[in-house]
$ cat entry25.txt   # compact mmCIF, C-alpha atoms
# COMPACT_ATOMS: atom_id res chain seq x y z
CA MET X 1 -73.93 32.99 150.81
CA ARG X 2 -70.26 32.83 149.88
CA GLN X 3 -69.56 30.14 152.41
CA GLU X 4 -72.55 28.27 151.10
CA LEU X 5 -71.04 28.07 147.62
CA GLY X 6 -67.82 26.59 149.01
CA GLN X 7 -69.86 24.09 151.03
CA GLN X 8 -71.97 23.07 148.06
CA ILE X 9 -68.85 22.55 145.96
CA GLY X 10 -67.29 20.62 148.85
CA GLU X 11 -70.32 18.35 149.21
CA LYS X 12 -70.32 17.60 145.52
CA ALA X 13 -66.58 16.96 145.61
CA ARG X 14 -67.04 14.55 148.52
CA GLU X 15 -69.71 12.69 146.59
CA LEU X 16 -67.64 12.50 143.40
CA LEU X 17 -64.47 11.39 145.16
CA SER X 18 -66.03 8.83 147.49
CA SER X 19 -68.05 7.24 144.71
CA GLY X 20 -64.94 7.11 142.53
CA VAL X 21 -66.48 9.10 139.68
CA VAL X 22 -63.37 11.28 139.58
CA GLU X 23 -59.82 10.96 140.89
CA CYS X 24 -59.33 14.63 141.49
CA VAL X 25 -61.37 17.76 141.99
CA ILE X 26 -59.76 21.00 140.91
CA GLY X 27 -61.12 23.98 142.80
CA TYR X 28 -60.08 26.96 144.87
CA GLU X 29 -58.86 27.30 148.41
CA ARG X 30 -57.93 30.27 150.56
CA ALA X 31 -54.33 31.29 149.94
CA THR X 32 -51.91 31.64 152.84
CA ASP X 33 -52.47 35.39 152.96
CA GLY X 34 -56.00 34.68 154.17
CA VAL X 35 -57.47 37.03 151.57
CA THR X 36 -56.97 35.76 148.05
CA ALA X 37 -57.68 32.37 146.52
CA ARG X 38 -55.42 29.82 144.90
CA PRO X 39 -56.02 26.60 142.96
CA LEU X 40 -56.50 23.43 144.98
CA PHE X 41 -56.27 19.84 143.79
CA VAL X 42 -58.35 17.57 145.98
CA TYR X 43 -57.50 13.87 145.73
CA GLY X 44 -59.20 12.63 148.89
CA VAL X 45 -62.34 13.41 150.86
CA GLU X 46 -60.28 14.65 153.80
CA ASP X 47 -59.49 17.82 151.88
CA VAL X 48 -62.92 18.73 150.52
CA ASP X 49 -63.58 21.20 153.33
CA ARG X 50 -60.78 23.38 152.05
CA LEU X 51 -62.76 24.21 148.91
CA ILE X 52 -64.13 27.72 148.70
CA PHE X 53 -65.70 29.99 146.14
CA ASP X 54 -66.01 33.74 146.24
CA ASP X 55 -65.13 36.81 144.20
CA THR X 56 -61.40 36.32 144.70
CA CYS X 57 -61.44 33.06 142.72
CA ILE X 58 -59.95 34.53 139.59
CA HIS X 59 -57.94 31.67 138.09
CA ASN X 60 -59.12 29.77 135.07
CA LEU X 61 -58.72 26.20 136.27
CA THR X 62 -59.64 24.54 132.99
CA ARG X 63 -56.03 24.88 131.89
CA TYR X 64 -55.16 22.08 134.33
CA LEU X 65 -57.45 19.66 132.50
CA LEU X 66 -54.82 19.48 129.77
CA ASN X 67 -52.41 17.90 132.22
CA ARG X 68 -54.96 15.27 133.20
CA ARG X 69 -56.29 14.24 129.81
CA ASP X 70 -56.61 10.55 130.57
CA LYS X 71 -57.81 10.81 134.16
CA ASN X 72 -61.33 11.49 135.37
CA THR X 73 -61.33 14.96 136.81
CA ALA X 74 -63.84 17.40 138.19
CA VAL X 75 -63.23 21.10 137.76
CA VAL X 76 -64.84 24.20 139.20
CA ALA X 77 -65.67 26.50 136.31
CA LYS X 78 -66.95 30.05 136.17
CA PRO X 79 -68.98 31.00 133.08
CA CYS X 80 -65.94 32.41 131.27
CA ASP X 81 -63.86 29.36 132.16
CA SER X 82 -66.62 27.04 131.02
CA ARG X 83 -66.20 28.42 127.51
CA ALA X 84 -62.62 27.14 127.58
CA ILE X 85 -63.99 23.64 128.19
CA ASN X 86 -66.11 23.96 125.06
CA LEU X 87 -63.05 25.14 123.18
CA LEU X 88 -61.01 22.15 124.32
CA LEU X 89 -63.86 19.76 123.54
CA ASN X 90 -64.25 21.30 120.10
CA GLU X 91 -60.54 20.87 119.46
CA LYS X 92 -60.64 17.27 120.71
CA GLN X 93 -58.18 17.95 123.49
CA ILE X 94 -60.28 16.54 126.31
CA GLU X 95 -63.07 14.01 126.49
CA ARG X 96 -66.44 15.00 127.84
CA GLU X 97 -66.88 11.72 129.74
CA LYS X 98 -63.67 12.28 131.65
CA VAL X 99 -64.56 15.76 132.87
CA PHE X 100 -67.13 16.58 135.50
CA ILE X 101 -67.90 20.28 135.45
CA ILE X 102 -68.96 21.96 138.66
CA GLY X 103 -70.32 25.17 137.19
CA VAL X 104 -70.61 28.29 139.29
CA ALA X 105 -73.08 31.01 138.44
CA CYS X 106 -70.85 34.03 138.71
CA GLN X 107 -71.46 37.58 139.78
CA GLY X 108 -67.98 38.65 138.73
CA VAL X 109 -64.59 38.56 140.40
CA VAL X 110 -62.40 41.33 141.78
CA GLU X 111 -58.81 42.33 141.19
CA THR X 112 -56.56 40.71 143.76
CA ARG X 113 -53.00 41.14 144.87
CA TRP X 114 -51.11 39.47 147.62
CA ASN X 115 -53.01 40.16 150.82
CA GLN X 116 -55.43 42.44 148.99
CA ALA X 117 -58.77 41.97 147.34
CA GLY X 118 -60.27 44.88 145.46
CA GLU X 119 -63.68 46.34 146.15
CA THR X 120 -64.91 46.64 142.60
CA LEU X 121 -65.35 43.98 139.96
CA GLN X 122 -62.68 43.43 137.32
CA ALA X 123 -63.22 45.51 134.20
CA ARG X 124 -63.99 42.41 132.14
CA CYS X 125 -66.61 41.31 134.69
CA GLN X 126 -68.31 44.66 134.47
CA LEU X 127 -68.68 44.06 130.73
CA CYS X 128 -69.64 40.42 131.07
CA SER X 129 -73.11 39.25 130.13
CA GLN X 130 -72.49 35.53 130.65
CA HIS X 131 -73.40 34.79 134.25
CA THR X 132 -74.23 31.09 133.92
CA PRO X 133 -71.72 28.53 132.62
CA VAL X 134 -72.32 27.45 129.03
CA VAL X 135 -71.61 23.83 129.94
CA TYR X 136 -71.83 22.10 133.33
CA ASP X 137 -72.86 18.91 135.06
CA PHE X 138 -73.72 20.47 138.38
CA LEU X 139 -74.50 24.10 139.04
CA VAL X 140 -74.06 26.09 142.23
CA GLY X 141 -74.91 29.68 142.93
CA GLU X 142 -77.37 32.05 141.41
CA ALA X 143 -76.84 34.30 138.44
CA PRO X 144 -77.50 37.99 138.98
CA PRO X 145 -80.49 39.42 137.11
CA GLU X 146 -79.79 40.00 133.43
CA GLN X 147 -78.80 43.51 132.53
CA PRO X 148 -78.09 44.89 129.11
CA PRO X 149 -74.31 44.69 128.70
CA PRO X 150 -72.57 48.05 128.35
CA GLU X 151 -70.35 48.90 125.38
CA ALA X 152 -67.92 46.02 125.60
CA TYR X 153 -65.29 47.39 123.26
CA ALA X 154 -64.93 50.99 124.39
CA ASP X 155 -61.15 50.70 124.83
CA VAL X 156 -60.73 48.93 121.49
CA LEU X 157 -62.71 51.65 119.74
CA GLU X 158 -60.69 54.31 121.48
CA MET X 159 -57.48 52.69 120.25
CA GLU X 160 -58.87 52.36 116.71
CA ALA X 161 -59.65 56.06 116.70
CA ARG X 162 -56.00 56.99 117.21
CA SER X 163 -53.65 57.55 114.31
CA ALA X 164 -51.46 54.75 112.99
CA ALA X 165 -48.36 56.48 114.34
CA GLU X 166 -49.88 56.79 117.81
CA ARG X 167 -50.91 53.17 117.81
CA GLU X 168 -47.48 52.08 116.68
CA ALA X 169 -45.82 54.13 119.41
CA PHE X 170 -48.22 52.75 122.00
CA TRP X 171 -47.60 49.12 121.12
CA GLN X 172 -43.91 49.59 120.72
CA GLU X 173 -43.77 50.91 124.24
CA GLN X 174 -45.79 47.91 125.43
CA PHE X 175 -43.80 45.28 123.56
CA ASP X 176 -40.51 46.88 124.55
CA ARG X 177 -41.26 45.83 128.11
CA CYS X 178 -42.01 42.19 127.27
CA ILE X 179 -39.40 39.89 128.80
CA ARG X 180 -40.71 36.88 126.87
CA CYS X 181 -41.34 34.82 129.97
CA TYR X 182 -44.26 33.23 128.08
CA ALA X 183 -46.42 33.26 131.20
CA CYS X 184 -49.30 34.40 128.97
CA ARG X 185 -48.91 31.21 126.97
CA GLN X 186 -48.46 28.90 129.93
CA VAL X 187 -51.67 30.08 131.54
CA CYS X 188 -53.79 30.11 128.41
CA PRO X 189 -56.21 27.20 127.97
CA GLY X 190 -55.96 27.68 124.20
CA CYS X 191 -52.14 27.51 124.04
CA TYR X 192 -51.39 23.83 124.30
CA CYS X 193 -49.12 23.09 121.33
CA SER X 194 -46.43 20.67 122.42
CA GLU X 195 -43.91 22.73 120.50
CA CYS X 196 -44.61 26.44 120.34
CA PHE X 197 -43.43 28.37 117.28
CA VAL X 198 -41.16 30.52 119.44
CA GLU X 199 -39.31 27.45 120.60
CA GLN X 200 -38.72 25.92 117.22
CA LEU X 201 -35.03 26.08 116.51
CA ASP X 202 -34.97 24.92 112.93
CA PRO X 203 -36.13 27.14 111.40
CA LEU X 204 -35.71 29.69 114.12
CA TRP X 205 -38.83 31.77 113.55
CA VAL X 206 -38.39 34.15 116.38
CA GLY X 207 -34.98 34.90 117.79
CA ILE X 208 -34.48 34.47 121.49
CA ARG X 209 -32.96 37.83 122.14
CA ILE X 210 -35.11 40.23 124.07
CA ALA X 211 -35.50 42.56 121.14
CA PRO X 212 -38.52 44.77 120.47
CA ALA X 213 -39.04 43.54 116.92
CA GLU X 214 -38.97 39.94 118.08
CA ASN X 215 -41.26 40.73 120.98
CA GLN X 216 -43.67 42.21 118.49
CA ILE X 217 -43.72 38.99 116.47
CA TRP X 218 -44.31 36.95 119.60
CA ASN X 219 -47.16 39.07 120.88
CA THR X 220 -48.78 39.45 117.46
CA ILE X 221 -48.70 35.78 116.56
CA ARG X 222 -49.72 34.72 120.06
CA ALA X 223 -52.83 36.85 119.70
CA PHE X 224 -53.36 35.66 116.15
CA HIS X 225 -53.23 32.00 117.12
CA LEU X 226 -56.19 32.76 119.35
CA VAL X 227 -58.41 34.25 116.68
CA GLY X 228 -61.86 32.80 117.16
CA ARG X 229 -60.47 30.79 120.07
CA CYS X 230 -59.85 33.29 122.86
CA ILE X 231 -62.61 32.91 125.41
CA GLY X 232 -61.78 36.10 127.26
CA CYS X 233 -60.78 34.71 130.64
CA ASN X 234 -58.03 37.34 130.67
CA GLU X 235 -55.57 35.07 132.42
CA CYS X 236 -52.78 36.16 130.05
CA GLU X 237 -53.11 39.75 131.15
CA ARG X 238 -53.41 38.79 134.80
CA VAL X 239 -50.17 36.83 134.86
CA CYS X 240 -48.16 39.28 132.74
CA PRO X 241 -45.43 40.57 135.06
CA LEU X 242 -45.03 43.69 132.91
CA ASN X 243 -48.75 44.49 132.69
CA ILE X 244 -48.89 44.49 128.91
CA PRO X 245 -52.55 45.04 127.93
CA LEU X 246 -52.92 41.74 126.10
CA SER X 247 -56.69 41.76 126.44
CA LEU X 248 -56.78 44.77 124.15
CA LEU X 249 -55.29 42.65 121.36
CA ASN X 250 -57.43 39.65 122.15
CA ARG X 251 -60.61 41.67 122.28
CA LYS X 252 -59.82 43.53 119.08
CA LEU X 253 -59.70 40.15 117.34
CA GLU X 254 -62.76 38.92 119.20
CA LYS X 255 -64.63 41.98 117.96
CA GLU X 256 -63.49 41.45 114.37
CA VAL X 257 -64.47 37.79 114.45
CA TRP X 258 -67.88 38.70 115.80
CA GLU X 259 -68.43 41.40 113.20
CA LEU X 260 -67.19 39.35 110.24
CA PHE X 261 -68.34 35.87 111.11
CA GLY X 262 -70.83 36.26 113.97
CA PHE X 263 -68.79 33.79 115.98
CA GLN X 264 -68.01 33.72 119.67
CA ALA X 265 -65.46 31.21 120.90
CA GLY X 266 -66.44 28.49 123.32
CA MET X 267 -70.18 29.01 123.29
CA SER X 268 -70.73 25.50 121.98
CA ALA X 269 -68.54 22.45 121.57
CA GLU X 270 -69.95 21.76 118.10
CA ALA X 271 -69.84 25.11 116.32
CA VAL X 272 -67.26 25.22 113.52
CA PRO X 273 -64.62 27.85 114.31
CA PRO X 274 -64.18 30.62 111.73
CA PHE X 275 -60.71 29.57 110.53
CA ALA X 276 -61.82 25.99 109.93
CA THR X 277 -64.38 26.97 107.34
CA PHE X 278 -65.20 29.60 104.73
CA GLU X 279 -67.99 30.94 102.55
CA LYS X 280 -67.21 31.01 98.86
CA GLU X 281 -68.97 34.29 98.21
CA GLU X 282 -67.97 36.25 101.30
CA LYS X 283 -66.56 39.76 100.96
CA LEU X 284 -63.73 40.43 103.36
CA GLY X 285 -61.99 43.31 101.63
CA ILE X 286 -59.36 41.00 100.15
CA GLY X 287 -58.56 40.85 96.45
CA GLU X 288 -61.66 42.79 95.42
CA MET A 1 -29.21 64.69 93.99
CA ALA A 2 -31.97 63.47 96.28
CA VAL A 3 -32.26 59.71 96.31
CA GLU A 4 -35.83 58.63 95.92
CA TYR A 5 -37.10 56.32 98.63
CA GLN A 6 -37.25 52.78 97.32
CA PRO A 7 -39.55 50.52 99.30
CA ARG A 8 -38.67 46.89 99.77
CA MET A 9 -41.43 44.37 99.28
CA VAL A 10 -41.70 40.65 99.77
CA GLY A 11 -44.10 38.77 97.55
CA PHE A 12 -45.42 35.35 98.44
CA LEU A 13 -46.77 33.95 95.19
CA CYS A 14 -48.55 30.67 94.81
CA ASN A 15 -46.88 28.16 92.55
CA TRP A 16 -49.91 27.48 90.38
CA CYS A 17 -51.28 30.89 89.42
CA SER A 18 -49.49 33.98 90.65
CA TYR A 19 -45.93 32.74 90.24
CA ALA A 20 -46.78 31.71 86.72
CA GLY A 21 -48.46 35.11 86.30
CA ALA A 22 -45.24 36.83 87.35
CA ASP A 23 -43.38 34.56 84.96
CA MET A 24 -45.77 35.59 82.23
CA ALA A 25 -44.98 39.25 82.94
CA GLY A 26 -41.32 38.38 82.58
CA THR A 27 -41.55 36.31 79.41
CA SER A 28 -43.77 39.02 77.92
CA ARG A 29 -40.92 41.46 78.65
CA MET A 30 -43.08 43.74 80.74
CA THR A 31 -41.25 46.18 82.96
CA TYR A 32 -42.25 46.55 86.57
CA PRO A 33 -40.48 48.00 89.64
CA PRO A 34 -37.61 45.82 90.87
CA ASN A 35 -38.56 46.48 94.50
CA ILE A 36 -40.27 43.15 94.99
CA ARG A 37 -38.49 39.99 96.11
CA ILE A 38 -40.54 36.99 95.16
CA ILE A 39 -40.86 33.83 97.21
CA ARG A 40 -42.64 30.92 95.63
CA VAL A 41 -45.01 29.02 97.89
CA PRO A 42 -47.24 26.03 97.10
CA CYS A 43 -50.46 27.91 97.80
CA SER A 44 -51.65 31.20 99.28
CA GLY A 45 -53.10 29.00 102.02
CA ARG A 46 -49.53 28.05 102.89
CA VAL A 47 -48.62 31.59 103.85
CA ASP A 48 -48.53 31.58 107.61
CA PRO A 49 -49.09 35.00 109.21
CA LEU A 50 -45.74 34.29 110.83
CA LEU A 51 -44.07 34.60 107.39
CA VAL A 52 -45.65 38.01 106.98
CA MET A 53 -44.60 39.16 110.44
CA LYS A 54 -41.12 37.81 109.86
CA SER A 55 -40.89 39.81 106.63
CA PHE A 56 -41.89 42.98 108.43
CA GLU A 57 -39.43 42.23 111.19
CA GLN A 58 -36.64 41.79 108.67
CA GLY A 59 -37.31 45.21 107.26
CA ALA A 60 -39.91 44.78 104.53
CA ASP A 61 -41.98 47.88 103.89
CA GLY A 62 -44.77 45.89 102.33
CA VAL A 63 -45.82 42.30 101.85
CA LEU A 64 -47.78 40.94 98.92
CA VAL A 65 -49.58 37.64 99.16
CA SER A 66 -50.98 36.45 95.91
CA GLY A 67 -52.82 33.32 94.93
CA CYS A 68 -55.30 31.90 92.47
CA HIS A 69 -58.65 33.56 92.02
CA PRO A 70 -61.38 32.22 94.32
CA GLY A 71 -62.66 28.99 92.84
CA ASP A 72 -59.42 28.32 90.95
CA CYS A 73 -57.21 27.08 93.79
CA HIS A 74 -55.13 24.07 92.80
CA TYR A 75 -55.97 22.63 96.20
CA THR A 76 -59.62 23.63 95.86
CA GLU A 77 -59.91 25.79 98.95
CA GLY A 78 -56.52 27.08 100.09
CA ASN A 79 -57.19 30.62 98.94
CA TYR A 80 -60.54 30.75 100.72
CA HIS A 81 -58.78 29.97 103.99
CA ALA A 82 -56.08 32.51 103.17
CA ARG A 83 -58.74 35.13 102.55
CA ARG A 84 -60.22 34.74 106.03
CA ARG A 85 -56.83 34.62 107.69
CA PHE A 86 -55.45 37.73 106.02
CA ALA A 87 -58.62 39.72 106.51
CA LEU A 88 -58.03 39.28 110.23
CA LEU A 89 -54.28 39.78 110.05
CA ARG A 90 -54.75 43.05 108.21
CA SER A 91 -57.00 44.45 110.89
CA LEU A 92 -54.62 43.23 113.59
CA LEU A 93 -51.66 44.89 111.83
CA ASP A 94 -53.64 48.07 111.49
CA PHE A 95 -54.44 47.94 115.19
CA LEU A 96 -50.73 47.62 115.94
CA GLY A 97 -50.01 50.69 113.86
CA ILE A 98 -48.69 48.93 110.75
CA GLU A 99 -50.93 50.41 108.07
CA LYS A 100 -53.10 47.71 106.53
CA GLU A 101 -52.13 48.96 103.06
CA ARG A 102 -48.71 47.44 103.70
CA LEU A 103 -50.16 43.95 103.47
CA ARG A 104 -51.81 43.31 100.15
CA VAL A 105 -53.58 40.11 99.24
CA GLU A 106 -54.52 39.81 95.60
CA TRP A 107 -55.57 37.14 93.16
CA VAL A 108 -53.51 36.80 89.99
CA SER A 109 -53.97 33.97 87.50
CA ALA A 110 -51.24 32.38 85.37
CA SER A 111 -52.35 34.37 82.31
CA GLU A 112 -52.50 37.75 84.04
CA GLY A 113 -48.95 38.96 83.49
CA GLY A 114 -50.22 42.46 82.83
CA ARG A 115 -52.24 42.44 85.99
CA PHE A 116 -49.20 41.38 87.99
CA LYS A 117 -47.20 44.22 86.49
CA GLU A 118 -49.94 46.71 87.40
CA LEU A 119 -50.17 45.26 90.88
CA VAL A 120 -46.48 45.60 91.66
CA SER A 121 -46.39 49.10 90.16
CA SER A 122 -49.36 50.35 92.15
CA PHE A 123 -48.15 48.67 95.34
CA THR A 124 -44.73 50.29 94.94
CA GLU A 125 -46.33 53.69 94.45
CA GLU A 126 -48.56 53.16 97.46
CA LEU A 127 -45.56 52.27 99.63
CA GLN A 128 -43.66 55.27 98.34
CA ARG A 129 -46.59 57.40 99.39
CA LEU A 130 -46.71 55.78 102.85
CA GLY A 131 -42.97 56.21 103.26
CA PRO A 132 -40.58 54.00 105.19
CA ARG A 133 -41.82 52.14 108.21
CA SER A 134 -40.90 53.75 111.47
CA GLU A 135 -37.84 52.07 112.79
CA VAL A 136 -38.50 49.29 115.26
CA SER A 137 -35.18 48.74 116.94
CA PRO A 138 -33.95 45.37 115.72

$ encode --input "entry25.txt" --output "structure tokens"
Amino acid sequence: MRQELGQQIGEKARELLSSGVVECVIGYERATDGVTARPLFVYGVEDVDRLIFDDTCIHNLTRYLLNRRDKNTAVVAKPCDSRAINLLLNEKQIEREKVFIIGVACQGVVETRWNQAGETLQARCQLCSQHTPVVYDFLVGEAPPEQPPPEAYADVLEMEARSAAEREAFWQEQFDRCIRCYACRQVCPGCYCSECFVEQLDPLWVGIRIAPAENQIWNTIRAFHLVGRCIGCNECERVCPLNIPLSLLNRKLEKEVWELFGFQAGMSAEAVPPFATFEKEEKLGIGE
Amino acid sequence: MAVEYQPRMVGFLCNWCSYAGADMAGTSRMTYPPNIRIIRVPCSGRVDPLLVMKSFEQGADGVLVSGCHPGDCHYTEGNYHARRRFALLRSLLDFLGIEKERLRVEWVSASEGGRFKELVSSFTEELQRLGPRSEVSP
């Protein structure tokens, strides 16, 4: 079954490349440890057999589309990743005609480390109810039967239940560890500003020392810039070398956006995101 | 003699309503706590959450963002956008352990000098009640 998926993707890639529909197919191949997966850029039909898909294919490949804006590209997208494509289409960062989406119906992916693939699904996959891509040109695989999603925000609620002092201590401990490598930004499909606010020098918004207060600004504003935009691929948390629980911040905001505005990022390329619009009469607990 | 804790606040006031409102409080010779440092901005919609975070980083105990009443924005809709943005920022701050009471967003018109005075007084009292922010090492 797993091999089949890789073959189906490979066949499609062969067809797309040989007919000249796309210049490049972005997919997954087996990493050199023989266990995990890594991104693969296929430019010629000779390499299509290297394409695979299984539950170790954790990367969100849609980020690479931003580097290939003016070239026809095919990309392998899981359901969560496909939402990033909608986000980028909505924000006019990529053109639909230039992207061929090989959607994969996903049963969830596992935690991986070098030479190791976990047995159980990632926590976010256990909470996931989106098993078919929201946008695709070609679909492989079969979605698992629909099940009612469990409480998706248990950890957020648990954090909310703590006292302000406990929360502050918790986050201070987390942000203290941040080394500001900005890997979370580099991997995020939503973070594509050509000049990030942390790199502006005049005015210097955030100092470049590794200081807890400055780390707090970075992590807060990073999360805030993704309000109504984070599609929950969790790549930021995966790449964080210090294991800062960034998804907790992202999902807190995702929950708020859902409760206040009934909006979920990336579900459609046309929906107006919450910060691009307003209702005159809405009550948000501000100035009332 | 015990020195009473004096909170420090930063106020971002929009040029068209709230700044004029604060001016009105001044020209009317109203007395309000001197704890607030006012920064004039073109519109409450101009206030980037980054400005608020920067204020907290630089040691503010509270931040006030104030603009025109809904419907009265000089730029028609700046305050509506600000309202959405700060509703979210307040819950994010609260989640990070910075009490949401420390960020106040209020509407003050150019004629509401008295209201501005009341606002700064009650905000100062609130911050005195909350006490100083726990020290984040700079």

$ residues_around --input "entry25.txt" --residues "Ala271 of chain X" --least-positions-apart "3" --cutoff "12 Å" --atoms "all atoms listed in the file" --output "MDAnalysis selection string"
chainID X and resid 86:87 89:91 228:229 262:268 274:277

$ closest_atom_pairs --input "entry25.txt" --of "chain X" --to "chain A" --cutoff "6 Å" --atoms "all atoms listed in the file" --output "Markdown table"
| residue | atom | partner | partner_atom | distance |
| --- | --- | --- | --- | --- |
| X:Ala164 | CA | A:Gly97 | CA | 4.4 |
| X:Arg167 | CA | A:Gly97 | CA | 4.8 |
| X:Glu168 | CA | A:Gly97 | CA | 4.0 |
| X:Ala213 | CA | A:Pro138 | CA | 5.5 |
| X:Ile286 | CA | A:Val105 | CA | 5.9 |
| X:Gly287 | CA | A:Glu106 | CA | 4.3 |

$ write_last_selection --input "entry25.txt" --atoms "C-alpha atoms" --output "compact mmCIF listing (two decimals), in the coordinates of the input"
# COMPACT_ATOMS: atom_id res chain seq x y z
CA ALA X 164 -51.46 54.75 112.99
CA ARG X 167 -50.91 53.17 117.81
CA GLU X 168 -47.48 52.08 116.68
CA ALA X 213 -39.04 43.54 116.92
CA ILE X 286 -59.36 41.00 100.15
CA GLY X 287 -58.56 40.85 96.45

$ atom_distance --input "entry25.txt" --atom1 "atom CA of Val140 of chain X" --atom2 "atom CA of His59 of chain X"
17.6 Å

$ closest_residue --input "entry25.txt" --among "A:Ser121, A:Ser55, A:Ser18, A:Ser28" --to "Asp72 of chain A" --atoms "all atoms listed in the file"
A:Ser18

$ closest_residue --input "entry25.txt" --among "X:Gln200, X:Gln186, X:Asn219, X:Thr132" --to "Arg63 of chain X" --atoms "only C-alpha atoms"
X:Gln186

$ closest_residue --input "entry25.txt" --among "X:Glu173, X:Glu11, X:Glu235, X:Asp155" --to "Pro189 of chain X" --atoms "only C-alpha atoms"
X:Glu235

$ residues_around --input "entry25.txt" --residues "Ala22 of chain A" --least-positions-apart "6" --cutoff "12 Å" --atoms "only C-alpha atoms" --output "ChimeraX atom specification"
/A:11-16,28-32,36-40,66-67,107-120

$ build_atoms --input "entry25.txt" --residues "segment 55-60 of chain A" --atoms "all heavy atoms" --output "PDB file, keeping the file's coordinate frame"
ATOM      1  N   SER A  55     -41.314  38.889 107.690  1.00  0.00           N
ATOM      2  CA  SER A  55     -40.890  39.810 106.630  1.00  0.00           C
ATOM      3  C   SER A  55     -40.840  41.237 107.153  1.00  0.00           C
ATOM      4  O   SER A  55     -39.885  41.965 106.911  1.00  0.00           O
ATOM      5  CB  SER A  55     -41.855  39.741 105.449  1.00  0.00           C
ATOM      6  OG  SER A  55     -42.031  38.425 105.021  1.00  0.00           O
ATOM      7  N   PHE A  56     -41.880  41.621 107.871  1.00  0.00           N
ATOM      8  CA  PHE A  56     -41.890  42.980 108.430  1.00  0.00           C
ATOM      9  C   PHE A  56     -40.748  43.156 109.419  1.00  0.00           C
ATOM     10  O   PHE A  56     -40.094  44.190 109.451  1.00  0.00           O
ATOM     11  CB  PHE A  56     -43.234  43.284 109.094  1.00  0.00           C
ATOM     12  CG  PHE A  56     -44.335  43.621 108.122  1.00  0.00           C
ATOM     13  CD1 PHE A  56     -45.525  42.909 108.124  1.00  0.00           C
ATOM     14  CD2 PHE A  56     -44.171  44.646 107.197  1.00  0.00           C
ATOM     15  CE1 PHE A  56     -46.540  43.219 107.228  1.00  0.00           C
ATOM     16  CE2 PHE A  56     -45.181  44.966 106.292  1.00  0.00           C
ATOM     17  CZ  PHE A  56     -46.367  44.247 106.308  1.00  0.00           C
ATOM     18  N   GLU A  57     -40.508  42.130 110.216  1.00  0.00           N
ATOM     19  CA  GLU A  57     -39.430  42.230 111.190  1.00  0.00           C
ATOM     20  C   GLU A  57     -38.086  42.424 110.501  1.00  0.00           C
ATOM     21  O   GLU A  57     -37.231  43.175 110.970  1.00  0.00           O
ATOM     22  CB  GLU A  57     -39.374  40.968 112.065  1.00  0.00           C
ATOM     23  CG  GLU A  57     -38.361  41.075 113.208  1.00  0.00           C
ATOM     24  CD  GLU A  57     -37.555  39.815 113.428  1.00  0.00           C
ATOM     25  OE1 GLU A  57     -38.001  38.737 113.018  1.00  0.00           O
ATOM     26  OE2 GLU A  57     -36.466  39.916 114.012  1.00  0.00           O
ATOM     27  N   GLN A  58     -37.917  41.727 109.369  1.00  0.00           N
ATOM     28  CA  GLN A  58     -36.640  41.790 108.670  1.00  0.00           C
ATOM     29  C   GLN A  58     -36.514  43.023 107.792  1.00  0.00           C
ATOM     30  O   GLN A  58     -35.591  43.126 106.990  1.00  0.00           O
ATOM     31  CB  GLN A  58     -36.463  40.529 107.818  1.00  0.00           C
ATOM     32  CG  GLN A  58     -36.430  39.241 108.619  1.00  0.00           C
ATOM     33  CD  GLN A  58     -35.122  39.068 109.365  1.00  0.00           C
ATOM     34  OE1 GLN A  58     -34.060  39.328 108.832  1.00  0.00           O
ATOM     35  NE2 GLN A  58     -35.197  38.648 110.618  1.00  0.00           N
ATOM     36  N   GLY A  59     -37.480  43.921 107.912  1.00  0.00           N
ATOM     37  CA  GLY A  59     -37.310  45.210 107.260  1.00  0.00           C
ATOM     38  C   GLY A  59     -38.128  45.429 105.999  1.00  0.00           C
ATOM     39  O   GLY A  59     -37.909  46.412 105.299  1.00  0.00           O
ATOM     40  N   ALA A  60     -39.065  44.546 105.701  1.00  0.00           N
ATOM     41  CA  ALA A  60     -39.910  44.780 104.530  1.00  0.00           C
ATOM     42  C   ALA A  60     -40.826  45.972 104.800  1.00  0.00           C
ATOM     43  O   ALA A  60     -41.302  46.160 105.905  1.00  0.00           O
ATOM     44  CB  ALA A  60     -40.739  43.535 104.223  1.00  0.00           C
TER      45      ALA A  60
END
